[in-house]
Amino acid sequence: MKKTVKLSVVNGEVSAPASKSMAQRAIAIASLCKGKTVLTNYTSCEDSEAALENIQKLGARVEKRGNILEITGGGKILSHVLHCGEAGLGIRMFTPIVAALSRHPVTLTGKGSLLNRPVDMMEKPLITLGAKVTTRNGYIPITVKGPITGGSVVIDGSSSSQFLTGLLIALPLAQKDSIIEVKNLKSKPYIDMTLEIIQHFGVSIQHDNYEHFYIKSNQEYKSGEYSIEGDWSGASFLLVAGAITGNISVNNLRIPSLQADYAILDALRKANANIIINDNRVTVKKSELRPFTFDATDCPDLFPPLAVLAAYAPGVSVIKGISRLLHKESNRAETIKKEFHKIGVAIELLDDTMYIHGGNIKGADVFSHNDHRIAMAMTIAALGAVGNMIIDNAECLNKSFPEFYKIIESVGANIE
């Protein structure tokens, strides 16, 4: 599907969708509770729907009522194949969970870019914990047979924190206490998010400066009610749209938030954006932007909207942390450089850093590379561009934010 985006002024009030990062974690943990758990403020996207399908295969019952999910855990495993779509969190979170639950082999697979995202970092730790694991030379499909019994394990957190999230959810169910030693952990905010949700459901985990995690065995997750926060990742694109061409208020945002992409507010301030915060609403108005320096190592999903923000700030902006972008839906640093070159923005990639030369933006034919965040970034970049922007493969944003075009059009974006 192609979308044509024309010069626009956006003005109005919208609501952020539910955080898919929080939704997937809450869905997985709810399936491990005995009894019924109610998740409120849910909005659908491909990654979250894949998680719901998988917990049903693991024996949970799911009922939907509008934006409310009722999940009853404790059932028997109904399928020995789980499909995670293109969700990197899904594959790395559910693999340890399956290892905790199943005494029979279960295969986890996916599609698209997930086929090229490594899972080899899970093999040795899960085997050390008592599971049997096989992969396709370090890639999916991955087959795992439990149960993991607990113990001490060392993992590398330099490329992703998602496997650690899975272990933190799974190991409280093990027969023995566990200690996870983590080397070079990145994305600490995502681990804070995981620990907060785990604690909400009645399980306790201690850690020593994110280097050692201490997990008591034979704990039980307790059912209850949990409200899924609005998504700062999706909201970041809307807020940048306000900063470059108009006036946007985004509701349904928790302030402050443990979500990594809450850091968009800091970046907007550094870029001299006009920001007003009122309860759970953030308003950003167009202002004279200036180049900025920002470290996105712990919030790599902000690179696409930050690249747009930098493109509209005359001068050179500096964003650190491009090593975190290699195994996203695309090689995201190279994708940003290639597609922004088409719209007249020069980008250099040097020493884990992206240098963006802001200035005049022109419309062009661009390609999403099947990367939902690139599709949204190019849409926002088009709003102030001279000439139309034609975005190919625009439908890929259904992965995280299927209502994105409807929402941005509702405040004045001219899209065909």
# chains A, B, ... in the order shown; residues from 1 in each chain; ligands from 1
>>> closest_atom_pairs(of="stretch 166-208 of chain A", to="stretch 111-135 of chain A", cutoff="10 Å", atoms="only C-alpha atoms", output="Markdown table")
| residue | atom | partner | partner_atom | distance |
| --- | --- | --- | --- | --- |
| A:Leu167 | CA | A:Leu126 | CA | 9.0 |
| A:Leu171 | CA | A:Leu129 | CA | 9.3 |
| A:Ala174 | CA | A:Leu129 | CA | 9.3 |
| A:Lys176 | CA | A:Leu129 | CA | 9.9 |
| A:Ser178 | CA | A:Leu129 | CA | 8.8 |
| A:Ile180 | CA | A:Pro125 | CA | 9.4 |
>>> write_last_selection(atoms="C-alpha atoms", output="mmCIF file, in the first residue's frame")
data_model
loop_
_atom_site.group_PDB
_atom_site.id
_atom_site.type_symbol
_atom_site.label_atom_id
_atom_site.label_comp_id
_atom_site.auth_asym_id
_atom_site.auth_seq_id
_atom_site.Cartn_x
_atom_site.Cartn_y
_atom_site.Cartn_z
ATOM 1 C CA LEU A 167 13.838 -14.697 32.192
ATOM 2 C CA LEU A 171 12.267 -17.794 36.670
ATOM 3 C CA ALA A 174 11.303 -22.384 38.754
ATOM 4 C CA LYS A 176 15.222 -23.427 42.654
ATOM 5 C CA SER A 178 18.039 -18.112 40.505
ATOM 6 C CA ILE A 180 21.084 -13.743 36.675
#
>>> select_by_dssp(residues="stretch 28-129 of chain A", states="strand (DSSP E)", output="PyMOL selection string")
chain A and resi 35-40+61-65+68-73+81-83+106-109
>>> closest_atom_pairs(of="stretch 57-121 of chain A", to="stretch 5-29 of chain A", cutoff="9 Å", atoms="only C-alpha atoms", output="CSV")
residue,atom,partner,partner_atom,distance
A:Leu69,CA,A:Ile27,CA,8.9
A:Ile71,CA,A:Ile27,CA,7.8
A:Leu89,CA,A:Ser21,CA,7.9
A:Gly90,CA,A:Gln24,CA,7.4
A:Met93,CA,A:Arg25,CA,8.2
A:Phe94,CA,A:Ala28,CA,7.8
A:Ile97,CA,A:Ala28,CA,8.4
>>> residues_around(residues="A:Thr37", least_positions_apart="4", cutoff="7 Å", atoms="only C-alpha atoms", output="NGL selection string")
:A and (30 or 70-72 or 223-225)
>>> residues_around(residues="A:Gly344", least_positions_apart="6", cutoff="12 Å", atoms="only C-alpha atoms", output="VMD selection string")
chain A and resid 308 311 to 312 337 to 338 356 to 366 381 to 382 385 to 387
>>> write_last_selection(atoms="all heavy atoms", output="CSV table (one decimal), in the first residue's frame")
chain,number,residue,atom,x,y,z
A,308,VAL,N,13.5,13.0,12.4
A,308,VAL,CA,12.6,14.0,11.8
A,308,VAL,C,12.8,15.3,12.5
A,308,VAL,O,12.9,16.3,11.8
A,308,VAL,CB,11.1,13.5,11.8
A,308,VAL,CG1,10.2,14.5,11.3
A,308,VAL,CG2,11.0,12.2,11.1
A,311,ALA,N,15.9,16.9,11.4
A,311,ALA,CA,15.8,17.3,10.0
A,311,ALA,C,15.2,18.7,9.9
A,311,ALA,O,15.5,19.5,8.9
A,311,ALA,CB,15.0,16.3,9.1
A,312,TYR,N,14.4,19.1,10.8
A,312,TYR,CA,13.7,20.4,10.8
A,312,TYR,C,14.5,21.5,11.7
A,312,TYR,O,14.0,22.6,11.9
A,312,TYR,CB,12.3,20.3,11.2
A,312,TYR,CG,11.4,19.8,10.1
A,312,TYR,CD1,11.2,18.5,9.9
A,312,TYR,CD2,10.8,20.8,9.2
A,312,TYR,CE1,10.4,18.1,8.8
A,312,TYR,CE2,10.0,20.3,8.2
A,312,TYR,CZ,9.8,19.0,8.0
A,312,TYR,OH,9.0,18.6,6.9
A,337,LYS,N,19.3,6.7,7.1
A,337,LYS,CA,20.3,7.5,6.2
A,337,LYS,C,19.8,7.4,4.8
A,337,LYS,O,19.8,8.5,4.1
A,337,LYS,CB,21.7,6.9,6.4
A,337,LYS,CG,22.7,7.5,5.5
A,337,LYS,CD,24.1,6.9,5.7
A,337,LYS,CE,25.1,7.6,4.8
A,337,LYS,NZ,26.5,7.0,4.9
A,338,LYS,N,19.4,6.3,4.3
A,338,LYS,CA,19.1,6.1,2.9
A,338,LYS,C,17.8,6.9,2.5
A,338,LYS,O,17.8,7.6,1.5
A,338,LYS,CB,18.9,4.6,2.6
A,338,LYS,CG,18.5,4.3,1.1
A,338,LYS,CD,18.4,2.8,0.9
A,338,LYS,CE,18.0,2.5,-0.6
A,338,LYS,NZ,17.9,1.1,-0.8
A,356,ILE,N,23.0,14.5,11.9
A,356,ILE,CA,21.9,14.8,10.9
A,356,ILE,C,22.0,16.3,10.6
A,356,ILE,O,22.0,17.2,11.5
A,356,ILE,CB,20.5,14.5,11.6
A,356,ILE,CG1,20.5,13.0,11.9
A,356,ILE,CG2,19.4,14.9,10.6
A,356,ILE,CD1,19.2,12.7,12.7
A,357,HIS,N,22.1,16.6,9.3
A,357,HIS,CA,22.2,18.0,8.8
A,357,HIS,C,20.8,18.5,8.5
A,357,HIS,O,20.3,18.2,7.4
A,357,HIS,CB,23.1,18.1,7.6
A,357,HIS,CG,24.6,17.6,7.9
A,357,HIS,ND1,25.6,18.5,8.1
A,357,HIS,CD2,25.1,16.4,8.1
A,357,HIS,CE1,26.7,17.8,8.3
A,357,HIS,NE2,26.4,16.5,8.3
A,358,GLY,N,20.2,19.3,9.4
A,358,GLY,CA,18.9,19.8,9.2
A,358,GLY,C,18.8,20.9,8.2
A,358,GLY,O,19.8,21.5,7.9
A,359,GLY,N,17.6,21.1,7.7
A,359,GLY,CA,17.5,22.2,6.7
A,359,GLY,C,16.2,22.0,5.9
A,359,GLY,O,15.1,21.7,6.5
A,360,ASN,N,16.2,22.2,4.6
A,360,ASN,CA,14.9,22.2,3.8
A,360,ASN,C,14.6,20.7,3.5
A,360,ASN,O,15.4,20.0,3.0
A,360,ASN,CB,15.1,23.0,2.6
A,360,ASN,CG,15.3,24.5,2.9
A,360,ASN,OD1,14.7,25.0,3.8
A,360,ASN,ND2,16.2,25.1,2.1
A,361,ILE,N,13.3,20.4,3.7
A,361,ILE,CA,12.9,19.0,3.4
A,361,ILE,C,12.0,19.0,2.1
A,361,ILE,O,11.2,19.9,1.9
A,361,ILE,CB,12.0,18.5,4.5
A,361,ILE,CG1,12.6,18.8,5.9
A,361,ILE,CG2,11.7,17.0,4.4
A,361,ILE,CD1,13.9,18.2,6.1
A,362,LYS,N,12.3,18.1,1.2
A,362,LYS,CA,11.6,18.0,0.0
A,362,LYS,C,10.8,16.6,-0.1
A,362,LYS,O,11.3,15.6,0.5
A,362,LYS,CB,12.5,18.1,-1.2
A,362,LYS,CG,13.5,17.0,-1.3
A,362,LYS,CD,14.4,17.2,-2.5
A,362,LYS,CE,15.4,16.0,-2.7
A,362,LYS,NZ,16.3,16.2,-3.8
A,363,GLY,N,9.7,16.6,-0.8
A,363,GLY,CA,9.0,15.4,-1.0
A,363,GLY,C,9.7,14.5,-1.9
A,363,GLY,O,10.5,14.9,-2.7
A,364,ALA,N,9.4,13.2,-1.8
A,364,ALA,CA,10.1,12.2,-2.6
A,364,ALA,C,9.4,10.9,-2.5
A,364,ALA,O,8.5,10.7,-1.7
A,364,ALA,CB,11.6,12.0,-2.2
A,365,ASP,N,9.7,9.9,-3.4
A,365,ASP,CA,9.2,8.5,-3.3
A,365,ASP,C,10.1,7.8,-2.3
A,365,ASP,O,11.3,7.7,-2.5
A,365,ASP,CB,9.2,7.8,-4.6
A,365,ASP,CG,8.2,8.3,-5.6
A,365,ASP,OD1,7.5,9.3,-5.2
A,365,ASP,OD2,8.0,7.7,-6.6
A,366,VAL,N,9.6,7.3,-1.2
A,366,VAL,CA,10.4,6.7,-0.1
A,366,VAL,C,9.8,5.3,0.2
A,366,VAL,O,8.6,5.0,-0.2
A,366,VAL,CB,10.4,7.5,1.1
A,366,VAL,CG1,11.1,8.9,0.9
A,366,VAL,CG2,9.0,7.8,1.7
A,381,ALA,N,7.7,13.5,8.6
A,381,ALA,CA,8.6,14.3,7.8
A,381,ALA,C,8.0,15.0,6.6
A,381,ALA,O,8.3,16.2,6.3
A,381,ALA,CB,9.8,13.5,7.3
A,382,ALA,N,7.0,14.4,6.1
A,382,ALA,CA,6.3,15.0,4.9
A,382,ALA,C,5.4,16.2,5.2
A,382,ALA,O,5.1,17.0,4.3
A,382,ALA,CB,5.4,13.9,4.2
A,385,ALA,N,7.2,19.3,4.3
A,385,ALA,CA,8.0,19.2,3.1
A,385,ALA,C,7.5,20.0,1.9
A,385,ALA,O,6.3,20.2,1.8
A,385,ALA,CB,8.2,17.7,2.7
A,386,VAL,N,8.4,20.4,1.0
A,386,VAL,CA,8.0,21.0,-0.2
A,386,VAL,C,7.8,19.9,-1.3
A,386,VAL,O,8.8,19.2,-1.6
A,386,VAL,CB,9.1,22.0,-0.7
A,386,VAL,CG1,8.8,22.6,-2.1
A,386,VAL,CG2,9.4,23.1,0.3
A,387,GLY,N,6.6,19.7,-1.7
A,387,GLY,CA,6.3,18.6,-2.6
A,387,GLY,C,5.7,17.4,-1.8
A,387,GLY,O,5.9,17.3,-0.6
>>> closest_residue(among="A:Ala296, A:Ala51, A:Leu265, A:Ile277", to="A:Pro189", atoms="only C-alpha atoms")
A:Ala296
>>> atom_distance(atom1="atom CA of A:Leu58", atom2="atom CA of A:Ile191")
24.1 Å
>>> select_by_dssp(residues="stretch 39-184 of chain A", states="helix (DSSP H, G or I)", output="compact mmCIF listing (two decimals) with C-alpha atoms, in the first residue's frame")
# COMPACT_ATOMS: atom_id res chain seq x y z
CA GLU A 46 -0.18 -6.98 15.38
CA ASP A 47 2.44 -7.56 18.09
CA SER A 48 -0.08 -7.54 20.93
CA GLU A 49 -2.52 -9.73 19.02
CA ALA A 50 0.25 -12.28 18.45
CA ALA A 51 0.83 -12.35 22.21
CA LEU A 52 -2.87 -12.97 22.83
CA GLU A 53 -2.92 -15.84 20.33
CA ASN A 54 0.13 -17.39 21.96
CA ILE A 55 -1.17 -17.33 25.52
CA GLN A 56 -4.31 -19.08 24.28
CA LYS A 57 -2.10 -21.79 22.79
CA GLY A 88 11.11 -9.30 18.75
CA LEU A 89 9.87 -8.99 22.33
CA GLY A 90 7.43 -11.83 21.70
CA ILE A 91 10.04 -14.36 20.60
CA ARG A 92 12.53 -13.45 23.33
CA MET A 93 9.95 -13.23 26.10
CA PHE A 94 7.87 -16.32 25.34
CA THR A 95 10.84 -18.65 24.85
CA PRO A 96 11.85 -18.58 28.55
CA ILE A 97 8.19 -18.67 29.59
CA VAL A 98 7.63 -21.81 27.51
CA ALA A 99 10.78 -23.30 29.03
CA ALA A 100 9.24 -22.77 32.46
CA LEU A 101 5.90 -24.30 31.53
CA GLY A 112 9.37 -11.25 7.98
CA SER A 113 12.21 -9.42 9.68
CA LEU A 114 11.98 -11.68 12.75
CA LEU A 115 13.52 -14.46 10.66
CA ASN A 116 16.73 -12.42 10.54
CA ASP A 120 21.41 -17.29 19.78
CA MET A 121 21.87 -15.33 23.02
CA MET A 122 19.10 -17.49 24.54
CA GLU A 123 20.57 -20.92 23.84
CA LYS A 124 23.37 -21.31 26.38
CA PRO A 125 21.59 -19.58 29.32
CA LEU A 126 18.44 -21.67 28.90
CA ILE A 127 20.47 -24.87 28.65
CA THR A 128 22.36 -23.85 31.81
CA GLN A 162 14.13 -8.54 25.83
CA PHE A 163 15.54 -11.95 26.76
CA LEU A 164 16.23 -10.68 30.27
CA THR A 165 12.58 -9.62 30.44
CA GLY A 166 11.56 -13.18 29.56
CA LEU A 167 13.84 -14.70 32.19
CA LEU A 168 12.60 -12.30 34.86
CA ILE A 169 9.01 -13.32 34.12
CA ALA A 170 9.75 -17.06 33.90
CA LEU A 171 12.27 -17.79 36.67
CA PRO A 172 9.99 -17.04 39.66
CA LEU A 173 8.15 -20.21 38.57
>>> atom_distance(atom1="atom CA of A:Gly321", atom2="atom CA of A:Phe292")
14.6 Å
>>> residues_around(residues="A:Asp295", least_positions_apart="6", cutoff="10 Å", atoms="only C-alpha atoms", output="PDB file with N, CA, C and O atoms, in the first residue's frame")
ATOM      1  N   ALA A 263      11.522   9.613  27.247  1.00  0.00           N
ATOM      2  CA  ALA A 263      12.654  10.519  27.030  1.00  0.00           C
ATOM      3  C   ALA A 263      12.444  11.458  25.852  1.00  0.00           C
ATOM      4  O   ALA A 263      13.219  12.408  25.674  1.00  0.00           O
ATOM      5  N   ALA A 267      14.273  15.231  24.707  1.00  0.00           N
ATOM      6  CA  ALA A 267      14.785  15.562  23.379  1.00  0.00           C
ATOM      7  C   ALA A 267      14.085  16.782  22.800  1.00  0.00           C
ATOM      8  O   ALA A 267      14.716  17.665  22.201  1.00  0.00           O
ATOM      9  N   PHE A 303      14.904   6.829  17.621  1.00  0.00           N
ATOM     10  CA  PHE A 303      15.719   7.325  16.515  1.00  0.00           C
ATOM     11  C   PHE A 303      14.887   7.855  15.337  1.00  0.00           C
ATOM     12  O   PHE A 303      15.179   8.958  14.830  1.00  0.00           O
ATOM     13  N   VAL A 318      23.093  15.657  16.816  1.00  0.00           N
ATOM     14  CA  VAL A 318      23.903  14.480  17.110  1.00  0.00           C
ATOM     15  C   VAL A 318      23.088  13.526  17.983  1.00  0.00           C
ATOM     16  O   VAL A 318      22.645  13.900  19.074  1.00  0.00           O
ATOM     17  N   ILE A 319      22.882  12.298  17.489  1.00  0.00           N
ATOM     18  CA  ILE A 319      22.134  11.295  18.243  1.00  0.00           C
ATOM     19  C   ILE A 319      23.029  10.071  18.425  1.00  0.00           C
ATOM     20  O   ILE A 319      23.482   9.475  17.451  1.00  0.00           O
ATOM     21  N   LYS A 320      23.262   9.692  19.663  1.00  0.00           N
ATOM     22  CA  LYS A 320      24.168   8.585  19.974  1.00  0.00           C
ATOM     23  C   LYS A 320      23.388   7.288  20.181  1.00  0.00           C
ATOM     24  O   LYS A 320      22.239   7.301  20.608  1.00  0.00           O
ATOM     25  N   GLY A 321      24.064   6.173  19.853  1.00  0.00           N
ATOM     26  CA  GLY A 321      23.484   4.861  20.145  1.00  0.00           C
ATOM     27  C   GLY A 321      23.071   4.049  18.937  1.00  0.00           C
ATOM     28  O   GLY A 321      22.237   3.145  19.064  1.00  0.00           O
ATOM     29  N   ILE A 322      23.639   4.311  17.749  1.00  0.00           N
ATOM     30  CA  ILE A 322      23.177   3.614  16.542  1.00  0.00           C
ATOM     31  C   ILE A 322      23.486   2.115  16.563  1.00  0.00           C
ATOM     32  O   ILE A 322      22.886   1.353  15.806  1.00  0.00           O
ATOM     33  N   THR A 353      27.326   6.941  16.339  1.00  0.00           N
ATOM     34  CA  THR A 353      26.641   8.232  16.401  1.00  0.00           C
ATOM     35  C   THR A 353      26.082   8.612  15.044  1.00  0.00           C
ATOM     36  O   THR A 353      26.708   8.386  14.013  1.00  0.00           O
TER      37      THR A 353
END
>>> residues_around(residues="stretch 395-400 of chain A", least_positions_apart="2", cutoff="8 Å", atoms="only C-alpha atoms", output="ChimeraX atom specification")
/A:1-2,20,45-47,86,234,368,370-373,375-376,393,402-404
>>> atom_distance(atom1="atom CA of A:Gly157", atom2="atom CA of A:Ile142")
19.5 Å
>>> residues_around(residues="A:Ser159", least_positions_apart="6", cutoff="10 Å", atoms="only C-alpha atoms", output="PyMOL selection string")
chain A and resi 118+121+184-187+323-327
>>> closest_residue(among="A:Lys270, A:His80, A:Arg281, A:Arg65", to="A:Ser317", atoms="only C-alpha atoms")
A:Lys270
>>> closest_residue(among="A:Gly412, A:Gly85, A:Pro300, A:Gly35", to="A:Val62", atoms="only C-alpha atoms")
A:Gly35
>>> decode(residues="stretch 333-350 of chain A", atoms="N, CA, C and O atoms", output="PDB file, in the first residue's frame")
ATOM      1  N   ALA A 333      19.518   2.268  11.265  1.00  0.00           N
ATOM      2  CA  ALA A 333      20.403   3.417  11.035  1.00  0.00           C
ATOM      3  C   ALA A 333      20.640   3.608   9.542  1.00  0.00           C
ATOM      4  O   ALA A 333      20.544   4.727   9.012  1.00  0.00           O
ATOM      5  N   GLU A 334      20.952   2.513   8.840  1.00  0.00           N
ATOM      6  CA  GLU A 334      21.182   2.603   7.397  1.00  0.00           C
ATOM      7  C   GLU A 334      19.906   2.984   6.660  1.00  0.00           C
ATOM      8  O   GLU A 334      19.947   3.732   5.670  1.00  0.00           O
ATOM      9  N   THR A 335      18.778   2.475   7.137  1.00  0.00           N
ATOM     10  CA  THR A 335      17.497   2.802   6.503  1.00  0.00           C
ATOM     11  C   THR A 335      17.189   4.287   6.647  1.00  0.00           C
ATOM     12  O   THR A 335      16.767   4.946   5.681  1.00  0.00           O
ATOM     13  N   ILE A 336      17.376   4.834   7.841  1.00  0.00           N
ATOM     14  CA  ILE A 336      17.145   6.267   8.042  1.00  0.00           C
ATOM     15  C   ILE A 336      18.050   7.080   7.129  1.00  0.00           C
ATOM     16  O   ILE A 336      17.604   8.023   6.457  1.00  0.00           O
ATOM     17  N   LYS A 337      19.319   6.732   7.078  1.00  0.00           N
ATOM     18  CA  LYS A 337      20.261   7.463   6.229  1.00  0.00           C
ATOM     19  C   LYS A 337      19.822   7.430   4.770  1.00  0.00           C
ATOM     20  O   LYS A 337      19.799   8.468   4.084  1.00  0.00           O
ATOM     21  N   LYS A 338      19.434   6.255   4.288  1.00  0.00           N
ATOM     22  CA  LYS A 338      19.063   6.107   2.874  1.00  0.00           C
ATOM     23  C   LYS A 338      17.800   6.887   2.537  1.00  0.00           C
ATOM     24  O   LYS A 338      17.763   7.624   1.532  1.00  0.00           O
ATOM     25  N   GLU A 339      16.765   6.737   3.352  1.00  0.00           N
ATOM     26  CA  GLU A 339      15.484   7.374   3.028  1.00  0.00           C
ATOM     27  C   GLU A 339      15.529   8.882   3.255  1.00  0.00           C
ATOM     28  O   GLU A 339      14.912   9.646   2.505  1.00  0.00           O
ATOM     29  N   PHE A 340      16.265   9.344   4.245  1.00  0.00           N
ATOM     30  CA  PHE A 340      16.363  10.784   4.481  1.00  0.00           C
ATOM     31  C   PHE A 340      17.214  11.461   3.395  1.00  0.00           C
ATOM     32  O   PHE A 340      16.997  12.636   3.092  1.00  0.00           O
ATOM     33  N   HIS A 341      18.142  10.729   2.816  1.00  0.00           N
ATOM     34  CA  HIS A 341      18.897  11.279   1.682  1.00  0.00           C
ATOM     35  C   HIS A 341      17.950  11.633   0.531  1.00  0.00           C
ATOM     36  O   HIS A 341      18.132  12.658  -0.142  1.00  0.00           O
ATOM     37  N   LYS A 342      16.923  10.808   0.347  1.00  0.00           N
ATOM     38  CA  LYS A 342      15.962  11.050  -0.732  1.00  0.00           C
ATOM     39  C   LYS A 342      15.192  12.349  -0.520  1.00  0.00           C
ATOM     40  O   LYS A 342      14.759  12.979  -1.498  1.00  0.00           O
ATOM     41  N   ILE A 343      15.009  12.754   0.721  1.00  0.00           N
ATOM     42  CA  ILE A 343      14.220  13.964   0.999  1.00  0.00           C
ATOM     43  C   ILE A 343      15.117  15.172   1.276  1.00  0.00           C
ATOM     44  O   ILE A 343      14.660  16.191   1.788  1.00  0.00           O
ATOM     45  N   GLY A 344      16.398  15.027   0.949  1.00  0.00           N
ATOM     46  CA  GLY A 344      17.298  16.169   1.013  1.00  0.00           C
ATOM     47  C   GLY A 344      18.012  16.383   2.333  1.00  0.00           C
ATOM     48  O   GLY A 344      18.545  17.469   2.571  1.00  0.00           O
ATOM     49  N   VAL A 345      18.042  15.339   3.174  1.00  0.00           N
ATOM     50  CA  VAL A 345      18.679  15.459   4.482  1.00  0.00           C
ATOM     51  C   VAL A 345      19.922  14.570   4.519  1.00  0.00           C
ATOM     52  O   VAL A 345      19.824  13.352   4.377  1.00  0.00           O
ATOM     53  N   ALA A 346      21.069  15.174   4.710  1.00  0.00           N
ATOM     54  CA  ALA A 346      22.319  14.417   4.772  1.00  0.00           C
ATOM     55  C   ALA A 346      22.529  13.859   6.175  1.00  0.00           C
ATOM     56  O   ALA A 346      22.356  14.569   7.169  1.00  0.00           O
ATOM     57  N   ILE A 347      22.913  12.575   6.246  1.00  0.00           N
ATOM     58  CA  ILE A 347      23.148  11.908   7.520  1.00  0.00           C
ATOM     59  C   ILE A 347      24.477  11.162   7.447  1.00  0.00           C
ATOM     60  O   ILE A 347      24.758  10.459   6.477  1.00  0.00           O
ATOM     61  N   GLU A 348      25.274  11.304   8.503  1.00  0.00           N
ATOM     62  CA  GLU A 348      26.524  10.565   8.622  1.00  0.00           C
ATOM     63  C   GLU A 348      26.426   9.617   9.812  1.00  0.00           C
ATOM     64  O   GLU A 348      25.848   9.965  10.849  1.00  0.00           O
ATOM     65  N   LEU A 349      27.010   8.421   9.656  1.00  0.00           N
ATOM     66  CA  LEU A 349      27.033   7.424  10.714  1.00  0.00           C
ATOM     67  C   LEU A 349      28.485   7.142  11.074  1.00  0.00           C
ATOM     68  O   LEU A 349      29.220   6.537  10.298  1.00  0.00           O
ATOM     69  N   LEU A 350      28.883   7.591  12.256  1.00  0.00           N
ATOM     70  CA  LEU A 350      30.278   7.447  12.678  1.00  0.00           C
ATOM     71  C   LEU A 350      30.345   7.128  14.172  1.00  0.00           C
ATOM     72  O   LEU A 350      29.698   7.804  14.987  1.00  0.00           O
TER      73      LEU A 350
END
